[in-house]
Amino acid sequence: MKNLLSITDLTTAEIDDLIEKAQDIIKHPADYREKCKYKKLATLFFEPSTRTRLSFEAAMIDLGGRVMGFSEAQASSAAKGESVADTCRTVGCYADIIAMRHPKEGAPLVASMHAGVPIINAGDGGHNHPTQTLTDLLTIKCEKGRLTNMTIGLCGDLKFGRTVHSLIEAMSRYDGIKFVLISPEELKLPNYVKQETLDKNNIEYKETTDLISAMPELDILYMTRVQRERFFNEEDYIRLKDSYILTPEKLATAKEDLSIMHPLPRVNEISVAVDDDPRAAYFKQVKNGKFIRMALILKLLDIA
Amino acid sequence: MNIDGITNGLVIDHIEAGKGMELYNALHLGELESSVALIKNVTSHKMGKKDIIKVDEVLDVDLDILGFIDPNITVNIIMNNERVAKKHIELPKMVKNIIKCKNPRCITSTEQELPHIFKLTDPVKRTYRCLYCETEAEKR
């Protein structure tokens, strides 16, 4: 049984195939309109989400399939105390494939042991969110035409951001990638990510607290949210928060072909004035999320 | 200090000094009817000090538990006063229900019936990670 629980479940060749398939779907959507006719996707969301759940559902609808599920734990038998294993064994009797979000880390793995149909991890707490990483990779490929030879700036909360850690893991597989890690001291990339991914793969990187000075060399700027609750005191938060808000002024020295990305939702870390800049790619990223999920559903259902 | 020899049984040797009791508990040796000796701080040429456990009964011990607690342990099987086998232990690739995941965000924290499974991710550093949430187990 094939599942996608973590981005590390996929080989680089499999990632490249998914991206290629997604790009073909973008070019020829009509060819895919009935690929999943009579197939059912269950979206089991034990905690709320806007983008991820709707993109999975839109993906299945655009493949001609049908969707069912729930969007909060209170609307399921989990509210009565049913285990993840039993819920998924039950849903596996109705659906052909399941996309699941759960606040507890490892819940999708438990689901994959019992459902009898492919499980896609749509986010398990702070642990994994592989379809976000695939979305990011597709966006980089669409924006740059390549996944090699570029400098990627990662800005904001690099300590707790799971999307950042997964993106580093995934991009470290490609040649000529350099990272600029831009964050306050309090939210630097954890040492285990540096050691187990960057150092292990001999990836060039540098750390800085200054977004403006890092800007000119970047091909990709990946913004994340600096959350108030991550700071030990209010004073530090107030002192630092504006440094990591992207504004048109801060983009003055950026490359003309920079791509600005963000996993969304944003709160205030990218000024809305940046939205009209042609370099803003974060809403294109949302759109790409649907296409890569279409490619993934086809792959896991073994549909060519 | 003298401990009687064993006619038929096990000698678990080369236990790191201080870990004997942990092993005794993990193998549930307290539940046996037969004689069991836990000898602490025995002088050892190789280790300086070590613990030894002698069991007056041939048991089918869980080598994974032994390997997880201390992979340098040796298990000698004694039959008719002779050592008939000496088993060297290896780090187990996976351990089940020996330790519990302490990550409060792990699915095992809310679903009590799930087995606590840890997999070996770095044999050199003896790192085990929870199968579900990948949190590193505390070093032993």
# chains A, B, ... in the order shown; residues from 1 in each chain; ligands from 1

call {"tool": "closest_atom_pairs", "arguments": {"of": "segment 52-94 of chain B", "to": "segment 26-37 of chain B", "cutoff": "9 Å", "atoms": "only C-alpha atoms", "output": "Markdown table"}}
result
| residue | atom | partner | partner_atom | distance |
| --- | --- | --- | --- | --- |
| B:Ile52 | CA | B:Ala37 | CA | 8.0 |
| B:Ile53 | CA | B:Ala37 | CA | 5.6 |
| B:Lys54 | CA | B:Ala37 | CA | 5.0 |
| B:Val55 | CA | B:Val36 | CA | 4.6 |
| B:Asp56 | CA | B:Ser35 | CA | 5.3 |
| B:Glu57 | CA | B:Ser34 | CA | 6.5 |
| B:Val61 | CA | B:Leu27 | CA | 7.1 |
| B:Asp62 | CA | B:Leu27 | CA | 7.4 |
| B:Ile65 | CA | B:Ala26 | CA | 7.3 |
| B:Leu66 | CA | B:Leu27 | CA | 8.4 |

call {"tool": "residues_around", "arguments": {"residues": "segment 156-170 of chain A", "least_positions_apart": "6", "cutoff": "8 Å", "atoms": "only C-alpha atoms", "output": "list in words"}}
result
Ile7, Thr8, Gly126, His127, Asn128, His129, Pro130, Gln132, Thr133, Asp136, Leu137, Leu181, Ile182, Ser183, Pro184, Leu187, Lys188, Leu189, Pro190, Val193, Thr197, Leu198, Met223, Thr224, Arg225, Val226, Gln227, Tyr244 and Pro263 of chain A

call {"tool": "closest_atom_pairs", "arguments": {"of": "chain B", "to": "chain A", "cutoff": "10 Å", "atoms": "only C-alpha atoms", "output": "JSON lines"}}
result
{"residue": "B:Asn103", "atom": "CA", "partner": "A:Glu105", "partner_atom": "CA", "distance": 9.0}
{"residue": "B:Pro104", "atom": "CA", "partner": "A:Lys104", "partner_atom": "CA", "distance": 8.7}
{"residue": "B:Arg105", "atom": "CA", "partner": "A:Lys104", "partner_atom": "CA", "distance": 5.3}
{"residue": "B:Cys106", "atom": "CA", "partner": "A:Glu105", "partner_atom": "CA", "distance": 4.7}
{"residue": "B:Ile107", "atom": "CA", "partner": "A:Lys104", "partner_atom": "CA", "distance": 4.9}
{"residue": "B:Thr108", "atom": "CA", "partner": "A:Gly106", "partner_atom": "CA", "distance": 8.3}
{"residue": "B:Ser109", "atom": "CA", "partner": "A:Lys104", "partner_atom": "CA", "distance": 8.5}
{"residue": "B:Thr110", "atom": "CA", "partner": "A:Lys104", "partner_atom": "CA", "distance": 8.4}
{"residue": "B:Glu111", "atom": "CA", "partner": "A:Ser83", "partner_atom": "CA", "distance": 6.7}
{"residue": "B:Gln112", "atom": "CA", "partner": "A:Ser83", "partner_atom": "CA", "distance": 9.4}
{"residue": "B:Glu113", "atom": "CA", "partner": "A:Ser83", "partner_atom": "CA", "distance": 9.2}
{"residue": "B:Leu114", "atom": "CA", "partner": "A:Val110", "partner_atom": "CA", "distance": 8.6}
{"residue": "B:Cys130", "atom": "CA", "partner": "A:Gly106", "partner_atom": "CA", "distance": 9.1}
{"residue": "B:Leu131", "atom": "CA", "partner": "A:Gly106", "partner_atom": "CA", "distance": 7.8}
{"residue": "B:Tyr132", "atom": "CA", "partner": "A:Gly106", "partner_atom": "CA", "distance": 4.0}
{"residue": "B:Cys133", "atom": "CA", "partner": "A:Gly106", "partner_atom": "CA", "distance": 4.8}
{"residue": "B:Glu134", "atom": "CA", "partner": "A:Gly106", "partner_atom": "CA", "distance": 8.2}
{"residue": "B:Thr135", "atom": "CA", "partner": "A:His127", "partner_atom": "CA", "distance": 9.6}

call {"tool": "atom_distance", "arguments": {"atom1": "atom CA of Met171 of chain A", "atom2": "atom CA of Tyr128 of chain B"}}
result
25.8 Å

call {"tool": "select_by_dssp", "arguments": {"residues": "segment 71-162 of chain A", "states": "strand (DSSP E or B)", "output": "ChimeraX atom specification"}}
result
/A:97-102,105,119-124,150-155

call {"tool": "write_last_selection", "arguments": {"atoms": "N, CA and C atoms", "output": "PDB file, in the first residue's frame"}}
result
ATOM      1  N   ILE A  97      -9.301   6.633  -1.145  1.00  0.00           N
ATOM      2  CA  ILE A  97      -8.077   7.312  -0.689  1.00  0.00           C
ATOM      3  C   ILE A  97      -8.470   8.314   0.399  1.00  0.00           C
ATOM      4  N   ILE A  98      -7.574   8.528   1.346  1.00  0.00           N
ATOM      5  CA  ILE A  98      -7.890   9.395   2.486  1.00  0.00           C
ATOM      6  C   ILE A  98      -6.814  10.475   2.635  1.00  0.00           C
ATOM      7  N   ALA A  99      -7.262  11.707   2.794  1.00  0.00           N
ATOM      8  CA  ALA A  99      -6.347  12.789   3.194  1.00  0.00           C
ATOM      9  C   ALA A  99      -6.703  13.149   4.624  1.00  0.00           C
ATOM     10  N   MET A 100      -5.708  13.159   5.486  1.00  0.00           N
ATOM     11  CA  MET A 100      -6.004  13.314   6.906  1.00  0.00           C
ATOM     12  C   MET A 100      -5.150  14.386   7.578  1.00  0.00           C
ATOM     13  N   ARG A 101      -5.810  15.255   8.331  1.00  0.00           N
ATOM     14  CA  ARG A 101      -5.079  16.196   9.193  1.00  0.00           C
ATOM     15  C   ARG A 101      -5.471  15.890  10.630  1.00  0.00           C
ATOM     16  N   HIS A 102      -4.460  15.879  11.486  1.00  0.00           N
ATOM     17  CA  HIS A 102      -4.721  15.528  12.886  1.00  0.00           C
ATOM     18  C   HIS A 102      -3.748  16.318  13.759  1.00  0.00           C
ATOM     19  N   GLU A 105       0.930  14.127  16.485  1.00  0.00           N
ATOM     20  CA  GLU A 105       2.005  13.703  15.585  1.00  0.00           C
ATOM     21  C   GLU A 105       2.010  12.183  15.451  1.00  0.00           C
ATOM     22  N   ILE A 119      -3.126   6.610   2.399  1.00  0.00           N
ATOM     23  CA  ILE A 119      -3.294   7.748   3.317  1.00  0.00           C
ATOM     24  C   ILE A 119      -2.341   8.863   2.889  1.00  0.00           C
ATOM     25  N   ILE A 120      -2.881  10.057   2.813  1.00  0.00           N
ATOM     26  CA  ILE A 120      -2.036  11.235   2.593  1.00  0.00           C
ATOM     27  C   ILE A 120      -2.051  12.050   3.881  1.00  0.00           C
ATOM     28  N   ASN A 121      -0.879  12.325   4.401  1.00  0.00           N
ATOM     29  CA  ASN A 121      -0.769  13.170   5.579  1.00  0.00           C
ATOM     30  C   ASN A 121      -0.983  14.629   5.163  1.00  0.00           C
ATOM     31  N   ALA A 122      -2.074  15.209   5.640  1.00  0.00           N
ATOM     32  CA  ALA A 122      -2.364  16.611   5.312  1.00  0.00           C
ATOM     33  C   ALA A 122      -1.966  17.524   6.474  1.00  0.00           C
ATOM     34  N   GLY A 123      -0.994  17.038   7.283  1.00  0.00           N
ATOM     35  CA  GLY A 123      -0.499  17.821   8.414  1.00  0.00           C
ATOM     36  C   GLY A 123      -0.788  17.109   9.715  1.00  0.00           C
ATOM     37  N   ASP A 124       0.272  16.728  10.446  1.00  0.00           N
ATOM     38  CA  ASP A 124       0.068  16.126  11.773  1.00  0.00           C
ATOM     39  C   ASP A 124       0.829  16.952  12.807  1.00  0.00           C
ATOM     40  N   MET A 150      20.413  27.706  -7.155  1.00  0.00           N
ATOM     41  CA  MET A 150      19.780  28.960  -6.739  1.00  0.00           C
ATOM     42  C   MET A 150      20.027  29.210  -5.252  1.00  0.00           C
ATOM     43  N   THR A 151      19.845  30.478  -4.881  1.00  0.00           N
ATOM     44  CA  THR A 151      19.994  30.866  -3.481  1.00  0.00           C
ATOM     45  C   THR A 151      18.606  31.111  -2.901  1.00  0.00           C
ATOM     46  N   ILE A 152      18.320  30.369  -1.837  1.00  0.00           N
ATOM     47  CA  ILE A 152      16.989  30.432  -1.228  1.00  0.00           C
ATOM     48  C   ILE A 152      17.096  31.096   0.139  1.00  0.00           C
ATOM     49  N   GLY A 153      16.410  32.207   0.310  1.00  0.00           N
ATOM     50  CA  GLY A 153      16.371  32.863   1.612  1.00  0.00           C
ATOM     51  C   GLY A 153      15.150  32.375   2.378  1.00  0.00           C
ATOM     52  N   LEU A 154      15.369  31.938   3.593  1.00  0.00           N
ATOM     53  CA  LEU A 154      14.261  31.498   4.449  1.00  0.00           C
ATOM     54  C   LEU A 154      14.182  32.489   5.589  1.00  0.00           C
ATOM     55  N   CYS A 155      13.036  33.141   5.748  1.00  0.00           N
ATOM     56  CA  CYS A 155      12.963  34.274   6.665  1.00  0.00           C
ATOM     57  C   CYS A 155      11.854  34.118   7.692  1.00  0.00           C
TER      58      CYS A 155
END

call {"tool": "closest_residue", "arguments": {"among": "A:Ile177, A:Ala214, A:Cys36, A:Ala73", "to": "Ser49 of chain A", "atoms": "only C-alpha atoms"}}
result
A:Ala73

call {"tool": "residues_around", "arguments": {"residues": "segment 76-87 of chain B", "least_positions_apart": "5", "cutoff": "9 Å", "atoms": "only C-alpha atoms", "output": "MDAnalysis selection string"}}
result
chainID B and resid 5:13 58

call {"tool": "write_last_selection", "arguments": {"atoms": "C-alpha atoms", "output": "short mmCIF file (atom, residue, chain, number, x, y, z; two decimals), in the first residue's frame"}}
result
data_model
loop_
_atom_site.label_atom_id
_atom_site.label_comp_id
_atom_site.auth_asym_id
_atom_site.auth_seq_id
_atom_site.Cartn_x
_atom_site.Cartn_y
_atom_site.Cartn_z
CA GLY B 5 27.82 -21.97 40.36
CA ILE B 6 24.92 -22.79 38.10
CA THR B 7 24.06 -26.26 36.84
CA ASN B 8 21.51 -25.19 34.26
CA GLY B 9 20.84 -21.54 33.67
CA LEU B 10 22.05 -18.17 32.38
CA VAL B 11 24.86 -15.83 33.23
CA ILE B 12 24.27 -12.34 31.91
CA ASP B 13 27.72 -10.80 31.98
CA VAL B 58 17.37 -21.64 31.26
#

call {"tool": "closest_residue", "arguments": {"among": "A:Val91, A:Ala30, A:Ile238, A:Ile260", "to": "Gly64 of chain A", "atoms": "only C-alpha atoms"}}
result
A:Ala30

call {"tool": "atom_distance", "arguments": {"atom1": "atom CA of Pro265 of chain A", "atom2": "atom CA of Thr11 of chain A"}}
result
28.6 Å

call {"tool": "select_by_dssp", "arguments": {"residues": "segment 135-184 of chain A", "states": "alpha helix (DSSP H)", "output": "short mmCIF file (atom, residue, chain, number, x, y, z; two decimals) with N, CA and C atoms, in the first residue's frame"}}
result
data_model
loop_
_atom_site.label_atom_id
_atom_site.label_comp_id
_atom_site.auth_asym_id
_atom_site.auth_seq_id
_atom_site.Cartn_x
_atom_site.Cartn_y
_atom_site.Cartn_z
N THR A 135 4.00 21.33 -2.83
CA THR A 135 3.48 22.58 -3.39
C THR A 135 4.61 23.60 -3.58
N ASP A 136 5.46 23.71 -2.57
CA ASP A 136 6.58 24.65 -2.64
C ASP A 136 7.53 24.28 -3.78
N LEU A 137 7.81 22.99 -3.91
CA LEU A 137 8.73 22.56 -4.97
C LEU A 137 8.14 22.83 -6.35
N LEU A 138 6.86 22.54 -6.51
CA LEU A 138 6.22 22.80 -7.82
C LEU A 138 6.28 24.30 -8.12
N THR A 139 6.04 25.12 -7.09
CA THR A 139 6.06 26.57 -7.30
C THR A 139 7.46 27.03 -7.72
N ILE A 140 8.47 26.53 -7.05
CA ILE A 140 9.84 26.91 -7.42
C ILE A 140 10.12 26.49 -8.87
N LYS A 141 9.70 25.27 -9.21
CA LYS A 141 9.93 24.77 -10.59
C LYS A 141 9.20 25.64 -11.61
N CYS A 142 7.94 26.00 -11.30
CA CYS A 142 7.17 26.82 -12.24
C CYS A 142 7.76 28.23 -12.36
N GLU A 143 8.20 28.78 -11.24
CA GLU A 143 8.71 30.15 -11.24
C GLU A 143 10.09 30.25 -11.86
N LYS A 144 10.94 29.26 -11.57
CA LYS A 144 12.35 29.35 -11.99
C LYS A 144 12.67 28.45 -13.19
N ARG A 162 7.68 23.90 10.55
CA ARG A 162 7.89 22.58 9.94
C ARG A 162 8.03 22.69 8.43
N THR A 163 7.35 23.68 7.82
CA THR A 163 7.43 23.81 6.36
C THR A 163 8.86 24.16 5.94
N VAL A 164 9.52 24.97 6.76
CA VAL A 164 10.90 25.36 6.47
C VAL A 164 11.82 24.14 6.55
N HIS A 165 11.67 23.35 7.60
CA HIS A 165 12.55 22.18 7.77
C HIS A 165 12.36 21.19 6.62
N SER A 166 11.10 20.95 6.23
CA SER A 166 10.85 20.01 5.13
C SER A 166 11.37 20.55 3.81
N LEU A 167 11.22 21.86 3.61
CA LEU A 167 11.69 22.45 2.35
C LEU A 167 13.21 22.33 2.26
N ILE A 168 13.90 22.57 3.36
CA ILE A 168 15.36 22.43 3.38
C ILE A 168 15.73 20.99 3.05
N GLU A 169 15.02 20.04 3.66
CA GLU A 169 15.31 18.62 3.41
C GLU A 169 15.13 18.30 1.93
N ALA A 170 14.04 18.79 1.36
CA ALA A 170 13.73 18.46 -0.03
C ALA A 170 14.69 19.16 -1.00
N MET A 171 14.97 20.44 -0.78
CA MET A 171 15.82 21.18 -1.73
C MET A 171 17.29 20.77 -1.62
#

call {"tool": "closest_residue", "arguments": {"among": "A:Lys287, A:Arg293, A:Arg228, A:His262", "to": "Asp275 of chain A", "atoms": "only C-alpha atoms"}}
result
A:His262

call {"tool": "atom_distance", "arguments": {"atom1": "atom CA of Pro278 of chain A", "atom2": "atom CA of Lys206 of chain A"}}
result
27.1 Å

call {"tool": "residues_around", "arguments": {"residues": "Ile99 of chain B", "least_positions_apart": "5", "cutoff": "10 Å", "atoms": "only C-alpha atoms", "output": "list of chain:residue names"}}
result
B:Ile65, B:Phe68, B:His116, B:Ile117, B:Phe118, B:Cys130, B:Ala137, B:Glu138

call {"tool": "residues_around", "arguments": {"residues": "Ala252 of chain A", "least_positions_apart": "2", "cutoff": "12 Å", "atoms": "only C-alpha atoms", "output": "list in words"}}
result
Leu211, Ile212, Ser213, Ala214, Met215, Pro216, Leu246, Thr247, Pro248, Glu249, Lys250, Ala254, Lys255, Glu256, Leu258, Val274 and Asp277 of chain A

call {"tool": "closest_residue", "arguments": {"among": "A:Ser243, A:Thr52, A:Ser112, A:Thr253", "to": "Thr87 of chain A", "atoms": "only C-alpha atoms"}}
result
A:Ser112

call {"tool": "residues_around", "arguments": {"residues": "Asp122 of chain B", "least_positions_apart": "3", "cutoff": "12 Å", "atoms": "only C-alpha atoms", "output": "number ranges by chain"}}
result
A: 196; B: 91-94, 118-119, 125-129, 136-137, 139

call {"tool": "closest_residue", "arguments": {"among": "A:Phe232, A:Tyr222, A:Phe179, A:Tyr205", "to": "Ala280 of chain A", "atoms": "only C-alpha atoms"}}
result
A:Tyr222
